[in-house]
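A.B. asks: Have a peek at protein.cif (mmCIF, C-alpha atoms).
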```cif
data_protein
loop_
_atom_site.label_atom_id
_atom_site.label_comp_id
_atom_site.auth_asym_id
_atom_site.auth_seq_id
_atom_site.Cartn_x
_atom_site.Cartn_y
_atom_site.Cartn_z
CA MET A 1 -5.00 11.69 -9.56
CA GLU A 2 -7.19 12.04 -6.54
CA ARG A 3 -5.30 12.21 -3.25
CA LYS A 4 -7.84 11.84 -0.51
CA THR A 5 -5.47 10.00 1.83
CA LYS A 6 -2.64 12.10 3.22
CA ILE A 7 0.32 10.98 5.29
CA THR A 8 2.52 13.21 7.40
CA ALA A 9 5.74 11.57 8.56
CA GLU A 10 8.44 14.02 9.59
CA ASP A 11 12.05 12.89 9.35
CA GLY A 12 13.44 11.34 12.50
CA LYS A 13 10.14 11.27 14.38
CA GLN A 14 8.63 8.10 15.84
CA GLU A 15 5.09 8.95 14.78
CA LEU A 16 3.04 9.51 11.68
CA VAL A 17 -0.39 10.89 10.91
CA ILE A 18 -2.75 9.53 8.27
CA THR A 19 -5.81 11.59 7.35
CA ARG A 20 -8.65 10.76 5.03
CA GLU A 21 -11.89 12.46 4.10
CA PHE A 22 -14.82 10.22 3.22
CA ASP A 23 -17.99 10.74 1.22
CA LEU A 24 -19.82 9.12 4.12
CA PRO A 25 -21.76 10.45 7.09
CA LEU A 26 -19.83 10.14 10.37
CA GLU A 27 -22.03 7.29 11.67
CA LEU A 28 -21.36 5.15 8.60
CA LEU A 29 -17.63 5.77 8.81
CA PHE A 30 -17.57 4.66 12.44
CA THR A 31 -19.66 1.57 11.63
CA ALA A 32 -16.80 0.42 9.36
CA TYR A 33 -14.68 0.22 12.52
CA SER A 34 -17.24 -1.19 14.93
CA GLU A 35 -19.04 -3.97 12.99
CA PRO A 36 -16.84 -7.08 12.72
CA GLU A 37 -18.46 -8.22 9.42
CA ILE A 38 -17.70 -4.85 7.86
CA ILE A 39 -14.13 -4.76 9.19
CA GLU A 40 -13.60 -8.15 7.56
CA GLN A 41 -14.78 -6.84 4.21
CA TRP A 42 -12.62 -3.77 3.86
CA MET A 43 -9.56 -4.87 5.82
CA ASP A 44 -9.66 -8.24 4.08
CA ASN A 45 -8.92 -9.92 7.42
CA GLU A 46 -10.80 -12.38 9.56
CA VAL A 47 -11.97 -10.84 12.85
CA VAL A 48 -11.17 -13.53 15.41
CA HIS A 49 -12.02 -11.46 18.43
CA HIS A 50 -13.43 -7.94 18.80
CA GLU A 51 -14.38 -6.57 22.19
CA SER A 52 -15.19 -2.97 21.31
CA LYS A 53 -14.98 -1.33 24.72
CA LYS A 54 -12.45 0.17 27.11
CA HIS A 55 -9.90 -2.52 28.07
CA GLY A 56 -11.45 -4.86 25.50
CA SER A 57 -9.11 -6.79 23.23
CA TRP A 58 -9.09 -7.52 19.51
CA GLN A 59 -7.47 -10.01 17.17
CA PHE A 60 -7.42 -10.10 13.35
CA ARG A 61 -5.84 -12.62 11.06
CA LYS A 62 -5.60 -13.51 7.40
CA LYS A 63 -5.26 -16.95 5.86
CA ASP A 64 -4.16 -17.92 2.38
CA LYS A 65 -6.10 -20.26 0.09
CA ASP A 66 -4.55 -23.30 1.81
CA GLY A 67 -5.56 -22.14 5.27
CA ASN A 68 -2.11 -21.03 6.44
CA VAL A 69 -2.16 -17.92 8.63
CA VAL A 70 -0.19 -15.27 6.71
CA PHE A 71 -0.97 -12.29 8.94
CA SER A 72 -2.10 -12.00 12.50
CA ALA A 73 -2.34 -8.96 14.77
CA ASN A 74 -3.77 -8.18 18.19
CA GLY A 75 -4.20 -5.36 20.65
CA VAL A 76 -6.25 -3.73 23.37
CA TYR A 77 -8.75 -0.86 23.16
CA HIS A 78 -8.07 1.95 25.59
CA ALA A 79 -11.01 4.01 24.38
CA PHE A 80 -13.93 3.10 22.14
CA VAL A 81 -16.30 6.05 21.88
CA PRO A 82 -18.80 5.73 19.00
CA ASN A 83 -18.57 8.46 16.34
CA GLU A 84 -15.74 10.10 18.22
CA LYS A 85 -12.58 8.15 18.91
CA ILE A 86 -10.78 4.85 19.22
CA THR A 87 -7.50 4.47 21.07
CA ARG A 88 -5.85 1.10 20.74
CA THR A 89 -2.58 -0.78 20.70
CA PHE A 90 -1.60 -2.73 17.59
CA GLU A 91 0.87 -5.59 17.58
CA MET A 92 1.73 -7.89 14.68
CA ASP A 93 2.22 -11.47 15.81
CA ASN A 94 5.38 -13.41 14.94
CA THR A 95 7.40 -10.35 13.96
CA HIS A 96 10.08 -8.35 15.72
CA PHE A 97 7.85 -5.26 15.71
CA PRO A 98 6.84 -4.14 19.20
CA PRO A 99 3.26 -2.87 19.77
CA GLN A 100 2.37 0.59 18.48
CA LEU A 101 -0.13 3.04 19.92
CA GLU A 102 -2.90 4.31 17.63
CA PHE A 103 -5.26 7.24 18.14
CA PHE A 104 -8.21 7.36 15.72
CA THR A 105 -10.29 10.53 15.66
CA PHE A 106 -13.60 10.57 13.79
CA GLU A 107 -15.09 13.93 12.79
CA SER A 108 -18.16 15.05 10.90
CA LEU A 109 -17.42 17.56 8.12
CA THR A 110 -20.90 17.94 6.62
CA GLU A 111 -24.05 15.83 6.80
CA ASP A 112 -22.64 13.51 4.13
CA THR A 113 -18.90 13.74 4.66
CA SER A 114 -16.54 12.87 7.46
CA LYS A 115 -12.85 12.72 8.32
CA LEU A 116 -10.64 10.16 9.97
CA THR A 117 -7.31 11.02 11.56
CA MET A 118 -5.00 8.17 12.54
CA HIS A 119 -2.12 9.20 14.76
CA VAL A 120 0.29 6.28 15.14
CA ILE A 121 3.17 6.20 17.61
CA TYR A 122 6.00 3.70 17.21
CA LYS A 123 8.69 2.64 19.67
CA SER A 124 11.37 4.40 17.62
CA ALA A 125 11.81 6.43 14.43
CA ALA A 126 13.72 3.53 12.85
CA LEU A 127 10.84 1.12 13.55
CA ARG A 128 8.40 3.60 12.03
CA ASP A 129 10.42 3.77 8.81
CA GLU A 130 10.71 0.00 8.70
CA MET A 131 6.96 -0.38 9.07
CA VAL A 132 6.34 2.17 6.31
CA LYS A 133 8.74 0.34 3.98
CA MET A 134 6.73 -2.83 4.52
CA GLY A 135 3.91 -0.97 2.80
CA MET A 136 6.03 -1.13 -0.31
CA HIS A 137 6.32 -4.90 -0.04
CA TRP A 138 2.60 -5.19 0.45
CA GLY A 139 2.10 -2.95 -2.56
CA ILE A 140 4.25 -5.24 -4.65
CA ASN A 141 2.52 -8.35 -3.34
CA MET A 142 -0.87 -6.88 -4.05
CA ALA A 143 0.23 -5.99 -7.56
CA HIS A 144 1.39 -9.58 -8.00
CA ASP A 145 -1.88 -10.94 -6.62
CA ARG A 146 -3.82 -8.76 -9.04
CA LEU A 147 -1.62 -9.89 -11.88
CA GLN A 148 -2.15 -13.50 -10.84
CA GLU A 149 -5.91 -12.96 -10.79
CA ILE A 150 -5.90 -11.41 -14.25
CA LEU A 151 -3.71 -14.20 -15.61
CA THR A 152 -5.91 -16.88 -14.09
CA LYS A 153 -9.01 -15.30 -15.58
CA THR A 154 -7.39 -14.90 -18.99
CA ALA A 155 -6.24 -18.53 -18.97
CA LYS A 156 -9.79 -19.82 -18.51
CA MET B 1 -1.93 -9.31 -23.75
CA ASN B 2 -1.15 -5.80 -22.64
CA LEU B 3 -1.28 -5.19 -18.90
CA ARG B 4 -1.01 -1.74 -17.47
CA ARG B 5 2.44 -1.53 -15.95
CA ASP B 6 2.91 -0.73 -12.31
CA VAL B 7 6.12 1.07 -11.35
CA PHE B 8 6.60 -0.95 -8.18
CA GLN B 9 6.01 -4.14 -10.05
CA ALA B 10 8.66 -3.00 -12.51
CA ILE B 11 11.31 -2.42 -9.86
CA ALA B 12 10.48 -5.64 -8.00
CA ASP B 13 12.66 -7.47 -10.55
CA PRO B 14 16.44 -7.53 -9.80
CA THR B 15 17.50 -7.40 -13.47
CA ARG B 16 15.34 -4.35 -14.07
CA ARG B 17 16.84 -2.64 -11.02
CA ALA B 18 20.31 -3.42 -12.40
CA ILE B 19 19.33 -1.92 -15.78
CA LEU B 20 18.16 1.28 -14.06
CA LEU B 21 21.46 1.56 -12.17
CA LEU B 22 23.39 1.05 -15.39
CA VAL B 23 21.42 3.62 -17.38
CA ALA B 24 21.63 6.06 -14.46
CA SER B 25 25.40 6.31 -15.06
CA GLN B 26 24.92 7.11 -18.76
CA ALA B 27 22.32 6.91 -21.51
CA MET B 28 22.93 3.92 -23.80
CA THR B 29 21.56 1.76 -26.61
CA ALA B 30 19.73 -1.53 -26.05
CA GLY B 31 22.77 -3.38 -27.40
CA ALA B 32 25.13 -1.69 -24.96
CA ILE B 33 22.77 -2.45 -22.07
CA ALA B 34 22.39 -6.11 -23.12
CA ALA B 35 26.18 -6.49 -23.32
CA ASN B 36 26.28 -6.02 -19.53
CA PHE B 37 24.06 -9.01 -18.84
CA ASP B 38 24.36 -12.76 -19.36
CA THR B 39 20.64 -12.93 -20.11
CA ALA B 40 19.46 -13.44 -23.70
CA ARG B 41 19.01 -10.28 -25.75
CA PRO B 42 15.19 -10.71 -26.17
CA THR B 43 14.87 -10.97 -22.36
CA VAL B 44 16.71 -7.68 -21.92
CA SER B 45 14.50 -6.12 -24.63
CA LYS B 46 11.42 -7.25 -22.71
CA HIS B 47 12.78 -5.64 -19.52
CA LEU B 48 13.49 -2.41 -21.43
CA GLN B 49 9.98 -2.45 -22.82
CA ILE B 50 8.49 -2.77 -19.32
CA LEU B 51 10.70 -0.01 -17.91
CA THR B 52 9.74 2.24 -20.84
CA GLU B 53 6.03 1.49 -20.49
CA CYS B 54 6.03 2.57 -16.86
CA GLU B 55 8.07 5.65 -17.83
CA LEU B 56 11.16 4.88 -15.77
CA LEU B 57 13.15 4.89 -19.01
CA GLU B 58 12.74 7.20 -21.98
CA GLN B 59 13.67 6.41 -25.58
CA GLU B 60 15.42 8.85 -27.84
CA GLN B 61 15.93 8.25 -31.55
CA ASN B 62 19.52 8.94 -32.59
CA GLY B 63 19.90 8.19 -36.31
CA ARG B 64 19.24 4.47 -36.65
CA GLU B 65 19.75 3.83 -32.96
CA ILE B 66 17.48 4.16 -29.97
CA ILE B 67 19.14 5.53 -26.86
CA TYR B 68 17.64 4.79 -23.45
CA HIS B 69 17.93 7.26 -20.62
CA LEU B 70 16.53 7.57 -17.15
CA ASN B 71 13.42 9.62 -16.39
CA PRO B 72 14.52 11.46 -13.21
CA GLN B 73 10.98 12.66 -12.48
CA LYS B 74 9.62 9.11 -12.29
CA MET B 75 12.62 7.92 -10.29
CA LYS B 76 11.95 10.65 -7.75
CA GLU B 77 8.42 9.36 -7.35
CA ILE B 78 9.58 5.91 -6.31
CA ALA B 79 12.41 7.25 -4.16
CA ASP B 80 9.67 8.64 -1.95
CA PHE B 81 9.17 5.57 0.20
CA ILE B 82 6.02 6.91 1.84
CA GLU B 83 4.08 6.76 -1.43
CA PRO B 84 3.45 2.97 -1.52
CA PHE B 85 2.35 3.09 2.12
CA ARG B 86 -0.02 5.95 1.32
CA LYS B 87 -1.31 4.06 -1.71
CA MET B 88 -1.97 0.99 0.44
CA TRP B 89 -4.09 3.02 2.87
CA ASP B 90 -5.78 4.89 0.05
CA ASP B 91 -6.82 1.58 -1.58
CA ARG B 92 -8.09 0.28 1.75
CA PHE B 93 -10.07 3.45 2.49
CA ASN B 94 -11.53 3.47 -1.03
CA LYS B 95 -12.78 -0.02 -0.36
CA LEU B 96 -14.23 1.03 3.02
CA GLU B 97 -16.02 3.93 1.33
CA ALA B 98 -17.44 1.74 -1.44
CA ILE B 99 -18.69 -0.87 1.05
CA MET B 100 -20.30 1.69 3.35
CA LYS B 101 -22.05 3.45 0.45
CA ASN B 102 -23.99 0.20 -0.08
CA TYR B 103 -24.44 -0.51 3.61
CA LYS B 104 -27.96 -1.20 4.83
CA PRO B 105 -28.37 -1.07 8.61
CA LYS B 106 -29.91 -4.25 9.97
CA LYS B 107 -32.87 -2.73 11.74
#
```
Using the file provided, produce a representation of the structure as structure tokens.
C.D. replies:
Amino acid sequence: MERKTKITAEDGKQELVITREFDLPLELLFTAYSEPEIIEQWMDNEVVHHESKKHGSWQFRKKDKDGNVVFSANGVYHAFVPNEKITRTFEMDNTHFPPQLEFFTFESLTEDTSKLTMHVIYKSAALRDEMVKMGMHWGINMAHDRLQEILTKTAK
Amino acid sequence: MNLRRDVFQAIADPTRRAILLLVASQAMTAGAIAANFDTARPTVSKHLQILTECELLEQEQNGREIIYHLNPQKMKEIADFIEPFRKMWDDRFNKLEAIMKNYKPKK
């Protein structure tokens, strides 16, 4: 199995690092983070607000089929340098999770490939682990959604 | 209908988690496993089939009986709680890559 996305999360630390190499030129990779329509496509979220500049703010949310907001997050950009870096805060609304600090570094590897490094800092090591475990719940939910989709299609 | 089984989907069910705990203590037959649950025997068989399909359980023929035992290698995989988180990001980034490969700048 291909493992392009790597995660480093040392025991007891309040940070983690996610790295990923893309078969995309650097400019295209950065576009996926700067164009609201593109962010909506791959993050599967609605971009409510996106002020891509220093001290600009952002807000994403996701609604279910009935229009209920099931996910909403916001934050502030501390740096937004095209093809180089994004520094931002990330806070999930209506949860007990405090904001986290995220450093995104964009690098060119070759003409056609690039690399993203996400360095995320949480308020505590325990909160980091809790956030990571939520990934498991999402994974299960996504699996259920997929199953639901397949079942709906089969039923037709 | 035969769906490809997902390990995390398999362990999302409380009965299946209970079966894994039971078999972890000792390998046993389907009958012995079913005797520990109030659920109907065919329901337990279905759970065993799912757990076997996603390789959390292994079957071993012993005369006329089939003995179920735990696959420690697969259990280790799910014990690593980072893996689902990594998978989530990997899926997301794969999507990003696919979208950007078809991206046409609006100029």
A.B. asks: Counting all atoms listed in the file, figure out which residue out of A:Gln14, A:Met92, A:Met134, A:Asn74 gets nearest to Glu83 (chain B).
C.D. replies: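 Closest to Glu83 (chain B) of all the choices is A:Met134.
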A.B. asks: Determine, for each residue of region 67-94 of chain B having at least one atom at most 12 Å from an atom of region 22-35 of chain A, the closest pair of atoms and their separation in Å to one decimal, counting all atoms listed in the file; order by chain and ascending number, as a tab-separated table.
C.D. replies:
```
residue	atom	partner	partner_atom	distance
B:Asp90	CA	A:Phe22	CA	11.0
B:Arg92	CA	A:Ala32	CA	11.6
B:Phe93	CA	A:Phe22	CA	8.3
B:Asn94	CA	A:Phe22	CA	8.6
```
A.B. asks: Between A:Asn94, A:Trp42, A:Thr8, A:Ile18, which residue has the minimum interatomic distance to chain B, considering all atoms listed in the file?
C.D. replies: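 Among A:Asn94, A:Trp42, A:Thr8, A:Ile18, it is A:Trp42 that comes nearest to chain B.
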A.B. asks: Compile a residue-level contact table for chain B against chain A at a cut-off of 7 Å, reporting for every qualifying residue the shortest atom pair and its distance in Å to one decimal, with all atoms listed in the file counted, rows ordered by chain and ascending number, as CSV.
C.D. replies:
```
residue,atom,partner,partner_atom,distance
B:Phe8,CA,A:Ile140,CA,6.0
B:Gln9,CA,A:Ile140,CA,5.8
B:Phe81,CA,A:Lys133,CA,6.5
B:Ile82,CA,A:Val132,CA,6.5
B:Pro84,CA,A:Met136,CA,5.0
B:Phe85,CA,A:Gly135,CA,4.4
B:Arg86,CA,A:Ile7,CA,6.4
B:Met88,CA,A:Gly139,CA,6.4
B:Asp90,CA,A:Thr5,CA,5.4
B:Arg92,CA,A:Trp42,CA,6.4
B:Lys95,CA,A:Trp42,CA,5.6
B:Leu96,CA,A:Trp42,CA,5.1
B:Glu97,CA,A:Phe22,CA,6.7
B:Met100,CA,A:Leu28,CA,6.4
```
A.B. asks: Please report the interatomic distance between CA of Thr87 (chain A) and CA of Glu111 (chain A) in Å with one decimal.
C.D. replies: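 Separating CA of Thr87 (chain A) from CA of Glu111 (chain A) is a distance of 24.6 Å.
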A.B. asks: What does the distance between CA of Lys123 (chain A) and CA of Val76 (chain A) come to in Å, to one decimal place?
C.D. replies: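 About the pair CA of Lys123 (chain A) and CA of Val76 (chain A): they are 16.7 Å apart.
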A.B. asks: Please report the interatomic distance between CA of Ser72 (chain A) and CA of Val7 (chain B) in Å with one decimal.
C.D. replies: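 CA of Val7 (chain B) lies at a distance of 28.4 Å from CA of Ser72 (chain A).
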A.B. asks: Give me the residues near Asn45 (chain A) as an NGL selection string, where near means some atom within 7 Å (using all atoms listed in the file) and where sequence neighbours in that chain fewer than 2 positions away do not count.
C.D. replies: :A and (40 or 43 or 47 or 60-62)
A.B. asks: Just the residues within 12 Å of Asn36 (chain B), please, counting all atoms listed in the file, with nothing from its chain fewer than 6 positions along; format it as a PyMOL selection string.
C.D. replies: chain B and resi 15+18-19+21-23+28-30+44
A.B. asks: Using all atoms listed in the file, which of B:Leu57, B:Ala10, B:Ile50, B:Ile66 sits nearest Gly31 (chain B)?
C.D. replies: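 Checking each of B:Leu57, B:Ala10, B:Ile50, B:Ile66 against Gly31 (chain B), counting all atoms listed in the file, the winner is B:Ile66.
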A.B. asks: Suppose a student applies the PyMOL selection byres ((chain B and resi 67) around 12) to this structure; what residues should they get, written as a tab-separated table (two decimals) with C-alpha atoms, in the coordinates of the input?
C.D. replies:
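As written to disk, selection-v9.tsv reads:
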```
chain	number	residue	atom	x	y	z
B	23	VAL	CA	21.42	3.62	-17.38
B	26	GLN	CA	24.92	7.11	-18.76
B	27	ALA	CA	22.32	6.91	-21.51
B	28	MET	CA	22.93	3.92	-23.80
B	29	THR	CA	21.56	1.76	-26.61
B	30	ALA	CA	19.73	-1.53	-26.05
B	31	GLY	CA	22.77	-3.38	-27.40
B	32	ALA	CA	25.13	-1.69	-24.96
B	33	ILE	CA	22.77	-2.45	-22.07
B	48	LEU	CA	13.49	-2.41	-21.43
B	52	THR	CA	9.74	2.24	-20.84
B	57	LEU	CA	13.15	4.89	-19.01
B	58	GLU	CA	12.74	7.20	-21.98
B	59	GLN	CA	13.67	6.41	-25.58
B	60	GLU	CA	15.42	8.85	-27.84
B	61	GLN	CA	15.93	8.25	-31.55
B	62	ASN	CA	19.52	8.94	-32.59
B	63	GLY	CA	19.90	8.19	-36.31
B	64	ARG	CA	19.24	4.47	-36.65
B	65	GLU	CA	19.75	3.83	-32.96
B	66	ILE	CA	17.48	4.16	-29.97
B	68	TYR	CA	17.64	4.79	-23.45
B	69	HIS	CA	17.93	7.26	-20.62
B	70	LEU	CA	16.53	7.57	-17.15
```
A.B. asks: Taking all atoms listed in the file into account, name the residue in B:Asp80, B:Pro14, B:Asp91, B:Tyr103 that is nearest to Phe37 (chain B).
C.D. replies: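 Using all atoms listed in the file, Phe37 (chain B) sits closest to B:Pro14.
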A.B. asks: From the structure block, carefully write region 43-81 of chain B out with C-alpha atoms; format it as a PDB file, in the first residue's frame.
C.D. replies:
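After the write, selection-v1.pdb holds the following:
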```pdb
ATOM      1  CA  THR B  43     -26.281 -13.432  14.186  1.00  0.00           C
ATOM      2  CA  VAL B  44     -23.104 -14.549  15.945  1.00  0.00           C
ATOM      3  CA  SER B  45     -22.098 -16.507  12.814  1.00  0.00           C
ATOM      4  CA  LYS B  46     -22.536 -13.343  10.751  1.00  0.00           C
ATOM      5  CA  HIS B  47     -20.301 -11.408  13.167  1.00  0.00           C
ATOM      6  CA  LEU B  48     -17.674 -14.178  12.987  1.00  0.00           C
ATOM      7  CA  GLN B  49     -17.820 -14.070   9.208  1.00  0.00           C
ATOM      8  CA  ILE B  50     -17.207 -10.303   9.193  1.00  0.00           C
ATOM      9  CA  LEU B  51     -14.331 -10.564  11.681  1.00  0.00           C
ATOM     10  CA  THR B  52     -12.789 -13.355   9.594  1.00  0.00           C
ATOM     11  CA  GLU B  53     -13.199 -11.450   6.329  1.00  0.00           C
ATOM     12  CA  CYS B  54     -11.282  -8.482   7.688  1.00  0.00           C
ATOM     13  CA  GLU B  55      -8.657 -10.871   9.095  1.00  0.00           C
ATOM     14  CA  LEU B  56      -9.114 -10.016  12.767  1.00  0.00           C
ATOM     15  CA  LEU B  57     -10.001 -13.669  13.357  1.00  0.00           C
ATOM     16  CA  GLU B  58      -8.448 -16.731  11.760  1.00  0.00           C
ATOM     17  CA  GLN B  59     -10.126 -20.097  11.257  1.00  0.00           C
ATOM     18  CA  GLU B  60      -8.413 -23.374  11.931  1.00  0.00           C
ATOM     19  CA  GLN B  61      -9.912 -26.731  10.994  1.00  0.00           C
ATOM     20  CA  ASN B  62      -9.716 -29.194  13.886  1.00  0.00           C
ATOM     21  CA  GLY B  63     -11.356 -32.475  12.828  1.00  0.00           C
ATOM     22  CA  ARG B  64     -14.999 -31.613  12.217  1.00  0.00           C
ATOM     23  CA  GLU B  65     -14.774 -28.364  14.125  1.00  0.00           C
ATOM     24  CA  ILE B  66     -13.592 -24.908  13.165  1.00  0.00           C
ATOM     25  CA  ILE B  67     -11.636 -23.105  15.845  1.00  0.00           C
ATOM     26  CA  TYR B  68     -11.441 -19.310  15.800  1.00  0.00           C
ATOM     27  CA  HIS B  69      -8.395 -17.502  17.063  1.00  0.00           C
ATOM     28  CA  LEU B  70      -7.177 -13.948  17.097  1.00  0.00           C
ATOM     29  CA  ASN B  71      -4.812 -12.590  14.452  1.00  0.00           C
ATOM     30  CA  PRO B  72      -2.347 -10.621  16.621  1.00  0.00           C
ATOM     31  CA  GLN B  73      -0.779  -8.916  13.595  1.00  0.00           C
ATOM     32  CA  LYS B  74      -4.083  -7.363  12.532  1.00  0.00           C
ATOM     33  CA  MET B  75      -4.954  -6.432  16.112  1.00  0.00           C
ATOM     34  CA  LYS B  76      -1.666  -4.571  16.372  1.00  0.00           C
ATOM     35  CA  GLU B  77      -2.591  -2.556  13.315  1.00  0.00           C
ATOM     36  CA  ILE B  78      -5.765  -1.226  14.902  1.00  0.00           C
ATOM     37  CA  ALA B  79      -4.131  -0.714  18.290  1.00  0.00           C
ATOM     38  CA  ASP B  80      -2.079   1.958  16.567  1.00  0.00           C
ATOM     39  CA  PHE B  81      -4.515   4.816  17.035  1.00  0.00           C
TER      40      PHE B  81
END
```
